[in-house]
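Structure data follow from entry27.txt (compact mmCIF, C-alpha atoms):
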```txt
# COMPACT_ATOMS: atom_id res chain seq x y z
CA MET T 717 -2.96 21.02 -140.20
CA ASP T 718 -4.49 18.64 -142.69
CA LEU T 719 -7.60 18.91 -144.85
CA SER T 720 -8.77 15.85 -146.76
CA VAL T 721 -11.97 15.28 -148.75
CA GLN T 722 -13.49 11.80 -148.54
CA ASP T 723 -15.06 10.06 -151.51
CA ASN T 724 -18.52 10.87 -150.14
CA GLY T 725 -17.74 14.62 -150.12
CA VAL T 726 -17.18 15.00 -146.37
CA ALA T 727 -14.07 17.08 -145.63
CA VAL T 728 -12.02 16.27 -142.53
CA LEU T 729 -9.91 19.02 -140.96
CA THR T 730 -7.36 17.59 -138.54
CA MET T 731 -5.73 20.20 -136.31
CA SER T 732 -2.17 19.55 -135.20
CA PHE T 733 -0.55 22.83 -134.24
CA GLY T 734 2.22 23.63 -131.80
CA PRO T 735 5.08 21.61 -130.30
CA LYS T 736 2.77 19.69 -127.96
CA GLY T 737 -0.16 19.51 -130.35
CA GLY T 738 -2.36 21.54 -128.02
CA ASN T 739 -3.81 23.62 -130.88
CA LEU T 740 -3.49 26.80 -128.83
CA PHE T 741 -5.18 29.77 -130.47
CA CYS T 742 -2.73 32.43 -131.62
CA PRO T 743 -2.50 34.53 -134.83
CA SER T 744 -0.73 31.73 -136.75
CA LEU T 745 -3.32 29.07 -135.88
CA ILE T 746 -6.22 31.41 -136.64
CA ALA T 747 -4.68 32.32 -140.02
CA GLU T 748 -4.25 28.63 -140.89
CA LEU T 749 -7.83 27.80 -139.94
CA ASP T 750 -9.07 30.81 -141.88
CA LYS T 751 -7.30 29.58 -145.03
CA ILE T 752 -8.80 26.13 -144.60
CA ILE T 753 -12.33 27.48 -144.22
CA THR T 754 -11.77 29.44 -147.43
CA ALA T 755 -10.62 26.23 -149.15
CA VAL T 756 -13.74 24.43 -147.95
CA GLU T 757 -15.98 27.24 -149.19
CA SER T 758 -14.36 27.21 -152.63
CA ASP T 759 -14.37 23.41 -153.10
CA ALA T 760 -17.59 22.33 -154.78
CA ARG T 761 -16.96 18.70 -153.80
CA VAL T 762 -17.37 19.39 -150.06
CA SER T 763 -20.79 18.45 -148.68
CA ALA T 764 -19.96 18.62 -144.94
CA LEU T 765 -17.01 19.46 -142.68
CA VAL T 766 -15.66 17.48 -139.73
CA ILE T 767 -13.20 19.28 -137.42
CA THR T 768 -11.00 17.25 -135.10
CA GLY T 769 -7.58 17.21 -133.43
CA LYS T 770 -4.80 14.72 -132.77
CA GLY T 771 -3.78 12.98 -129.59
CA LYS T 772 -5.40 14.13 -126.37
CA TYR T 773 -6.32 17.68 -127.46
CA PHE T 774 -9.11 19.02 -129.61
CA SER T 775 -7.80 22.41 -128.54
CA ASN T 776 -6.44 23.65 -125.23
CA GLY T 777 -7.76 27.19 -125.77
CA LEU T 778 -6.09 30.57 -126.18
CA ASN T 779 -2.33 30.84 -126.04
CA THR T 780 -2.26 32.98 -122.89
CA LYS T 781 1.55 33.22 -122.95
CA TRP T 782 1.35 34.84 -126.38
CA LEU T 783 -1.33 37.22 -125.11
CA GLN T 784 0.78 38.25 -122.12
CA LYS T 785 3.79 38.91 -124.33
CA ASN T 786 1.75 40.82 -126.92
CA VAL T 787 -0.73 42.83 -124.88
CA VAL T 788 -0.98 45.57 -127.52
CA TRP T 789 -1.98 43.05 -130.20
CA ALA T 790 -4.19 40.93 -127.95
CA PRO T 791 -7.49 42.67 -128.87
CA ALA T 792 -6.83 42.21 -132.60
CA MET T 793 -6.01 38.53 -132.09
CA VAL T 794 -9.20 37.88 -130.13
CA ILE T 795 -11.24 39.78 -132.72
CA SER T 796 -9.71 37.64 -135.47
CA SER T 797 -10.88 34.56 -133.56
CA TYR T 798 -14.38 36.09 -133.49
CA ARG T 799 -14.33 36.42 -137.28
CA LEU T 800 -13.13 32.83 -137.67
CA PHE T 801 -15.82 31.49 -135.36
CA ALA T 802 -18.46 33.50 -137.26
CA ARG T 803 -17.35 31.81 -140.50
CA VAL T 804 -17.62 28.36 -138.91
CA LEU T 805 -20.97 29.25 -137.34
CA ALA T 806 -22.48 30.26 -140.70
CA LEU T 807 -20.63 27.88 -143.02
CA GLY T 808 -22.77 26.75 -145.96
CA VAL T 809 -22.40 23.03 -145.22
CA PRO T 810 -23.10 20.93 -142.09
CA THR T 811 -20.26 21.08 -139.56
CA ILE T 812 -19.39 18.46 -136.95
CA ALA T 813 -16.88 18.82 -134.12
CA ALA T 814 -15.23 15.43 -133.63
CA ILE T 815 -13.95 16.11 -130.12
CA ASN T 816 -11.03 13.74 -129.72
CA GLY T 817 -9.92 14.95 -126.28
CA TYR T 818 -9.76 18.10 -124.18
CA ALA T 819 -11.66 21.14 -125.50
CA VAL T 820 -10.91 24.15 -123.33
CA GLY T 821 -11.72 27.85 -123.70
CA ALA T 822 -11.45 28.89 -127.35
CA GLY T 823 -11.29 25.20 -128.30
CA PHE T 824 -14.66 24.67 -126.61
CA PHE T 825 -16.02 27.71 -128.46
CA LEU T 826 -14.84 26.31 -131.80
CA ALA T 827 -16.71 23.08 -131.04
CA LEU T 828 -19.82 25.05 -130.03
CA CYS T 829 -19.76 26.96 -133.33
CA CYS T 830 -20.14 23.67 -135.19
CA ASP T 831 -23.66 22.42 -135.88
CA HIS T 832 -23.10 19.12 -134.06
CA ARG T 833 -20.65 17.77 -131.48
CA ILE T 834 -19.56 14.14 -131.05
CA MET T 835 -17.00 13.36 -128.35
CA VAL T 836 -14.83 10.41 -127.43
CA LYS T 837 -15.24 8.63 -124.13
CA GLY T 838 -11.69 8.33 -122.86
CA LYS T 839 -9.01 9.24 -120.38
CA ALA T 840 -5.53 10.73 -120.55
CA SER T 841 -2.57 10.65 -118.20
CA THR T 842 -2.42 13.47 -115.64
CA ALA T 843 0.59 15.78 -115.30
CA ASN T 844 2.36 13.46 -112.86
CA LYS T 845 1.56 10.48 -115.15
CA LYS T 846 0.56 8.44 -112.08
CA SER T 847 -3.15 8.46 -112.84
CA GLN T 848 -5.64 9.14 -115.60
CA ALA T 849 -8.49 11.62 -115.85
CA ASP T 850 -11.50 11.87 -118.16
CA TYR T 851 -11.34 14.16 -121.16
CA PHE T 852 -13.43 17.25 -120.52
CA LEU T 853 -14.98 20.42 -121.90
CA CYS T 854 -14.38 23.59 -119.91
CA LEU T 855 -14.50 27.39 -119.94
CA PRO T 856 -11.79 28.25 -117.35
CA GLU T 857 -12.23 32.04 -117.24
CA LEU T 858 -13.30 31.98 -113.58
CA ASP T 859 -10.09 30.22 -112.56
CA LEU T 860 -8.02 32.49 -114.84
CA LYS T 861 -9.71 35.58 -113.36
CA MET T 862 -10.76 36.69 -116.84
CA PRO T 863 -14.09 37.79 -118.32
CA LEU T 864 -15.42 35.86 -121.30
CA SER T 865 -15.35 38.90 -123.62
CA PRO T 866 -18.38 39.95 -125.72
CA GLY T 867 -18.04 37.54 -128.66
CA TYR T 868 -17.32 34.47 -126.56
CA THR T 869 -20.22 35.37 -124.26
CA ALA T 870 -22.50 35.46 -127.32
CA ILE T 871 -21.39 31.96 -128.38
CA ALA T 872 -21.95 30.56 -124.89
CA LYS T 873 -25.44 32.09 -124.62
CA CYS T 874 -26.36 30.95 -128.12
CA LYS T 875 -25.13 27.36 -128.02
CA LEU T 876 -25.19 26.18 -124.40
CA PRO T 877 -28.45 25.01 -122.78
CA LYS T 878 -29.54 27.54 -120.13
CA ARG T 879 -28.75 25.43 -117.07
CA ALA T 880 -25.47 24.30 -118.56
CA LEU T 881 -24.60 27.92 -119.39
CA ARG T 882 -24.83 28.98 -115.76
CA THR T 883 -22.81 26.00 -114.53
CA THR T 884 -20.21 26.20 -117.30
CA VAL T 885 -19.47 29.91 -116.90
CA LEU T 886 -19.99 30.51 -113.18
CA THR T 887 -18.27 27.38 -111.85
CA ALA T 888 -15.73 26.61 -114.63
CA LYS T 889 -17.03 23.05 -114.49
CA ARG T 890 -15.06 20.40 -116.32
CA TRP T 891 -17.74 18.48 -118.18
CA THR T 892 -16.89 14.83 -118.77
CA PRO T 893 -18.23 13.32 -122.02
CA MET T 894 -21.20 11.62 -120.34
CA GLU T 895 -22.06 14.73 -118.30
CA ALA T 896 -21.87 16.88 -121.43
CA LEU T 897 -24.15 14.44 -123.24
CA SER T 898 -26.77 14.38 -120.48
CA SER T 899 -26.74 18.19 -120.27
CA GLY T 900 -27.26 18.62 -124.01
CA ILE T 901 -23.87 20.22 -124.75
CA ILE T 902 -22.84 17.39 -127.10
CA ASP T 903 -24.93 15.07 -129.25
CA ARG T 904 -23.19 11.72 -128.95
CA VAL T 905 -20.36 9.87 -127.18
CA VAL T 906 -18.38 7.21 -129.02
CA SER T 907 -15.14 5.28 -128.63
CA SER T 908 -11.93 6.81 -129.99
CA LYS T 909 -11.67 4.18 -132.72
CA ASP T 910 -15.19 5.00 -133.94
CA LEU T 911 -14.97 8.81 -133.74
CA LEU T 912 -13.95 9.75 -137.29
CA HIS T 913 -15.98 7.01 -138.98
CA THR T 914 -19.08 8.05 -137.03
CA CYS T 915 -18.61 11.76 -137.80
CA VAL T 916 -17.92 11.25 -141.50
CA ALA T 917 -20.97 8.98 -141.86
CA PHE T 918 -23.10 11.49 -139.95
CA GLY T 919 -21.82 14.34 -142.14
CA HIS T 920 -22.81 12.42 -145.26
CA GLU T 921 -26.24 11.78 -143.77
CA LEU T 922 -26.70 15.47 -142.94
CA ALA T 923 -25.68 16.48 -146.46
CA GLY T 924 -28.71 14.56 -147.73
CA GLY T 925 -27.25 13.07 -150.88
CA GLY T 926 -26.03 16.39 -152.26
CA ARG T 927 -29.06 18.44 -151.25
CA VAL T 928 -27.13 20.82 -148.99
CA GLU T 929 -24.09 21.59 -151.15
CA ARG T 930 -26.40 22.61 -154.00
CA LYS T 931 -27.98 25.19 -151.68
CA ARG T 932 -24.98 26.48 -149.74
CA ASN T 933 -26.09 30.12 -149.77
CA VAL T 934 -29.50 29.22 -148.36
CA TYR T 935 -27.96 26.91 -145.74
CA SER T 936 -25.60 29.67 -144.61
CA MET T 937 -28.42 32.22 -144.54
CA LEU T 938 -30.58 29.94 -142.39
CA LYS T 939 -27.74 29.57 -139.90
CA ARG T 940 -27.24 33.33 -139.74
CA GLU T 941 -30.95 33.67 -139.05
CA ILE T 942 -31.24 31.14 -136.22
CA TYR T 943 -27.92 32.28 -134.69
CA SER T 944 -28.46 35.94 -135.57
CA GLU T 945 -27.55 37.57 -132.23
CA CYS T 946 -24.40 35.48 -131.91
CA TYR T 947 -23.36 36.07 -135.51
CA GLU T 948 -23.87 39.83 -135.20
CA SER T 949 -21.84 39.95 -131.98
CA LEU T 950 -18.96 38.11 -133.64
CA THR T 951 -18.95 40.29 -136.77
CA SER T 952 -19.89 43.69 -135.33
CA TRP T 953 -17.41 46.56 -135.69
CA PHE T 954 -18.31 47.47 -132.10
CA ALA T 955 -16.50 44.34 -130.95
CA MET T 956 -13.06 45.96 -131.19
CA PRO T 957 -13.59 48.88 -128.76
CA ARG T 958 -15.38 46.56 -126.33
CA MET T 959 -12.48 44.10 -126.54
CA VAL T 960 -9.93 46.88 -125.94
CA ALA T 961 -11.94 48.01 -122.90
CA THR T 962 -12.14 44.44 -121.56
CA LEU T 963 -8.42 43.73 -121.87
CA GLY T 964 -7.60 47.23 -120.64
CA SER T 965 -9.54 46.63 -117.43
CA LEU T 966 -7.58 43.41 -116.90
CA ALA T 967 -4.29 45.21 -117.40
CA VAL T 968 -5.28 47.90 -114.89
CA ARG T 969 -5.92 45.18 -112.32
CA GLY T 970 -2.65 43.46 -113.17
CA ILE T 971 -4.35 40.26 -114.34
CA PHE T 972 -3.39 40.31 -117.98
CA LEU T 973 0.22 41.53 -118.04
CA PRO T 974 3.67 40.13 -118.86
CA LYS T 975 5.44 38.70 -115.79
CA LYS T 976 7.76 41.69 -115.28
CA ALA T 977 4.94 44.19 -115.63
CA LYS T 978 2.73 42.09 -113.33
CA SER T 979 5.46 42.08 -110.68
CA LEU T 980 5.78 45.87 -110.93
CA HIS T 981 2.00 46.22 -110.71
CA LYS T 982 1.96 44.20 -107.46
CA LYS T 983 4.71 46.37 -105.97
CA ASN T 984 2.82 49.52 -106.86
CA ALA T 985 -0.37 48.12 -105.37
CA ALA T 986 1.48 47.22 -102.17
CA LEU T 987 2.91 50.74 -101.90
CA LYS T 988 -0.52 52.29 -102.42
CA SER T 989 -2.00 50.12 -99.67
CA LYS T 990 0.51 51.60 -97.21
CA LEU T 991 -0.40 55.19 -98.01
```
Could you write out this structure as structure tokens?
Amino acid sequence: MDLSVQDNGVAVLTMSFGPKGGNLFCPSLIAELDKIITAVESDARVSALVITGKGKYFSNGLNTKWLQKNVVWAPAMVISSYRLFARVLALGVPTIAAINGYAVGAGFFLALCCDHRIMVKGKASTANKKSQADYFLCLPELDLKMPLSPGYTAIAKCKLPKRALRTTVLTAKRWTPMEALSSGIIDRVVSSKDLLHTCVAFGHELAGGGRVERKRNVYSMLKREIYSECYESLTSWFAMPRMVATLGSLAVRGIFLPKKAKSLHKKNAALKSKL
């Protein structure tokens, strides 16, 4: 993780977390991002914030392996991501997601919580390294057999255009940069070499020569007003029991369990089917 403040007041947060740099959301990553948002809020020099990643990932989403190994703590972890996303959503300076590669699941939601999204037009090697595929944005819950959960649903409904919302959620579509641009999910597509320069310049333009940072409280309040339903869903105390119920229903169906427990669940289901 790296936070740097440019001479023009635009802060650049570069995410680089995990052995493969996938920026998978887990308690440690969320805690790091939370600290950085606090640093941004307390630094009077900052006029705008650009969030980006390194390599081929902006973020590859939730760390599902961690969730499976820590089922009891899973609701608290997801709730902590809600609180983080609420802070980004209502931050008192302009925010820009500089999407340098794949943005999946929670990574896509982080980008959506920013005020603006600029993405690179590029490709990365596939798993077999014999071909290349376009970077994409995706909510893979359909393929993972998981619900979105209340807070993530609120972000999707708030920030995705209506037609794109239906396609994104109900088909788990992998939006290429140009498709995302034409659908209104992102604001601009640039080359990888121009990504950071473009986002920093745009952040400075949005800050309006110091106008925004002098009125941070008002800027944050305006965001909470126009994104009110989403913000309330992410910060509501009712989110915890709803999250427990959501993950509990997955566990009952054997979808969201550690491997050993999932195997036992399948055996029990098979026995019941024979009764």
Please list, as a list in words, the residues that have an atom at most 10 Å away from (-1.7, 29.3, -125.9) in the coordinates of this file, counting only C-alpha atoms. Gly734, Gly738, Asn739, Leu740, Phe741, Cys742, Ser775, Asn776, Gly777, Leu778, Asn779, Thr780, Lys781, Trp782, Leu783 and Ala822 of chain T
Can you pull out the residues contacting range 917-926 of chain T? Cut-off 8 Å, using all atoms listed in the file, and skip same-chain residues under 6 positions away; I want them as a PyMOL selection string. chain T and resi 724-726+763-766+809-812
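Taking all atoms listed in the file into account, Gly838 in chain T lies nearest to T:Val906 out of the set T:Val906, T:Leu881, T:Leu864, T:Ala896.
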Give me the residues of range 781-813 of chain T that have any atom at most 8 Å from an atom of range 743-755 of chain T; for each, the nearest atom pair and the distance in Å, rounded to one decimal. Use all atoms listed in the file, sort by chain and number, and format it as JSON lines.
```
{"residue": "T:Met793", "atom": "CA", "partner": "T:Pro743", "partner_atom": "CA", "distance": 6.0}
{"residue": "T:Ser796", "atom": "CA", "partner": "T:Ile746", "partner_atom": "CA", "distance": 7.2}
{"residue": "T:Ser797", "atom": "CA", "partner": "T:Ile746", "partner_atom": "CA", "distance": 6.4}
{"residue": "T:Leu800", "atom": "CA", "partner": "T:Asp750", "partner_atom": "CA", "distance": 6.2}
{"residue": "T:Arg803", "atom": "CA", "partner": "T:Ile753", "partner_atom": "CA", "distance": 7.6}
{"residue": "T:Val804", "atom": "CA", "partner": "T:Ile753", "partner_atom": "CA", "distance": 7.5}
```
At what distance in Å, to one decimal, does CA of Ile834 in chain T lie from CA of Ala727 in chain T? 15.9 Å
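Each of T:Lys839, T:Arg890, T:Lys873, T:Arg940 was compared to Phe852 in chain T using only C-alpha atoms, and T:Arg890 turns out to be the nearest.
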For Val836 in chain T, find every residue with an atom within 9 Å (counting all atoms listed in the file), except residues of its own chain fewer than 6 positions away, and show them as a ChimeraX atom specification. /T:814-817,851,893,904-911
Restricting it to C-alpha atoms, dump the selection as a PDB file, keeping the file's coordinate frame.
```pdb
ATOM      1  CA  ALA T 814     -15.230  15.430-133.630  1.00  0.00           C
ATOM      2  CA  ILE T 815     -13.950  16.110-130.120  1.00  0.00           C
ATOM      3  CA  ASN T 816     -11.030  13.740-129.720  1.00  0.00           C
ATOM      4  CA  GLY T 817      -9.920  14.950-126.280  1.00  0.00           C
ATOM      5  CA  TYR T 851     -11.340  14.160-121.160  1.00  0.00           C
ATOM      6  CA  PRO T 893     -18.230  13.320-122.020  1.00  0.00           C
ATOM      7  CA  ARG T 904     -23.190  11.720-128.950  1.00  0.00           C
ATOM      8  CA  VAL T 905     -20.360   9.870-127.180  1.00  0.00           C
ATOM      9  CA  VAL T 906     -18.380   7.210-129.020  1.00  0.00           C
ATOM     10  CA  SER T 907     -15.140   5.280-128.630  1.00  0.00           C
ATOM     11  CA  SER T 908     -11.930   6.810-129.990  1.00  0.00           C
ATOM     12  CA  LYS T 909     -11.670   4.180-132.720  1.00  0.00           C
ATOM     13  CA  ASP T 910     -15.190   5.000-133.940  1.00  0.00           C
ATOM     14  CA  LEU T 911     -14.970   8.810-133.740  1.00  0.00           C
TER      15      LEU T 911
END
```
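Going from CA of Met937 in chain T over to CA of Met731 in chain T, you cover 27.0 Å.
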Atom-to-atom span, CA of Leu897 in chain T and CA of Cys874 in chain T, Å: 17.4 Å
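Among T:Arg833, T:Lys770, T:Lys878, T:His913, the residue with the shortest atom-to-atom distance to Leu729 in chain T, counting all atoms listed in the file, is T:Lys770.
Minimum atom-to-atom distance to Phe824 in chain T, evaluated using only C-alpha atoms, belongs to T:Lys875 out of T:Lys939, T:Lys931, T:Arg882, T:Lys875.
Using all atoms listed in the file, the smallest distance between any of T:Ala849, T:Tyr773, T:Lys785, T:Val721 and Thr892 in chain T comes from T:Ala849.
Proximity ranking of T:Gly808, T:Leu828, T:Met894, T:Ala880 relative to Leu938 in chain T places T:Gly808 first, based on all atoms listed in the file.
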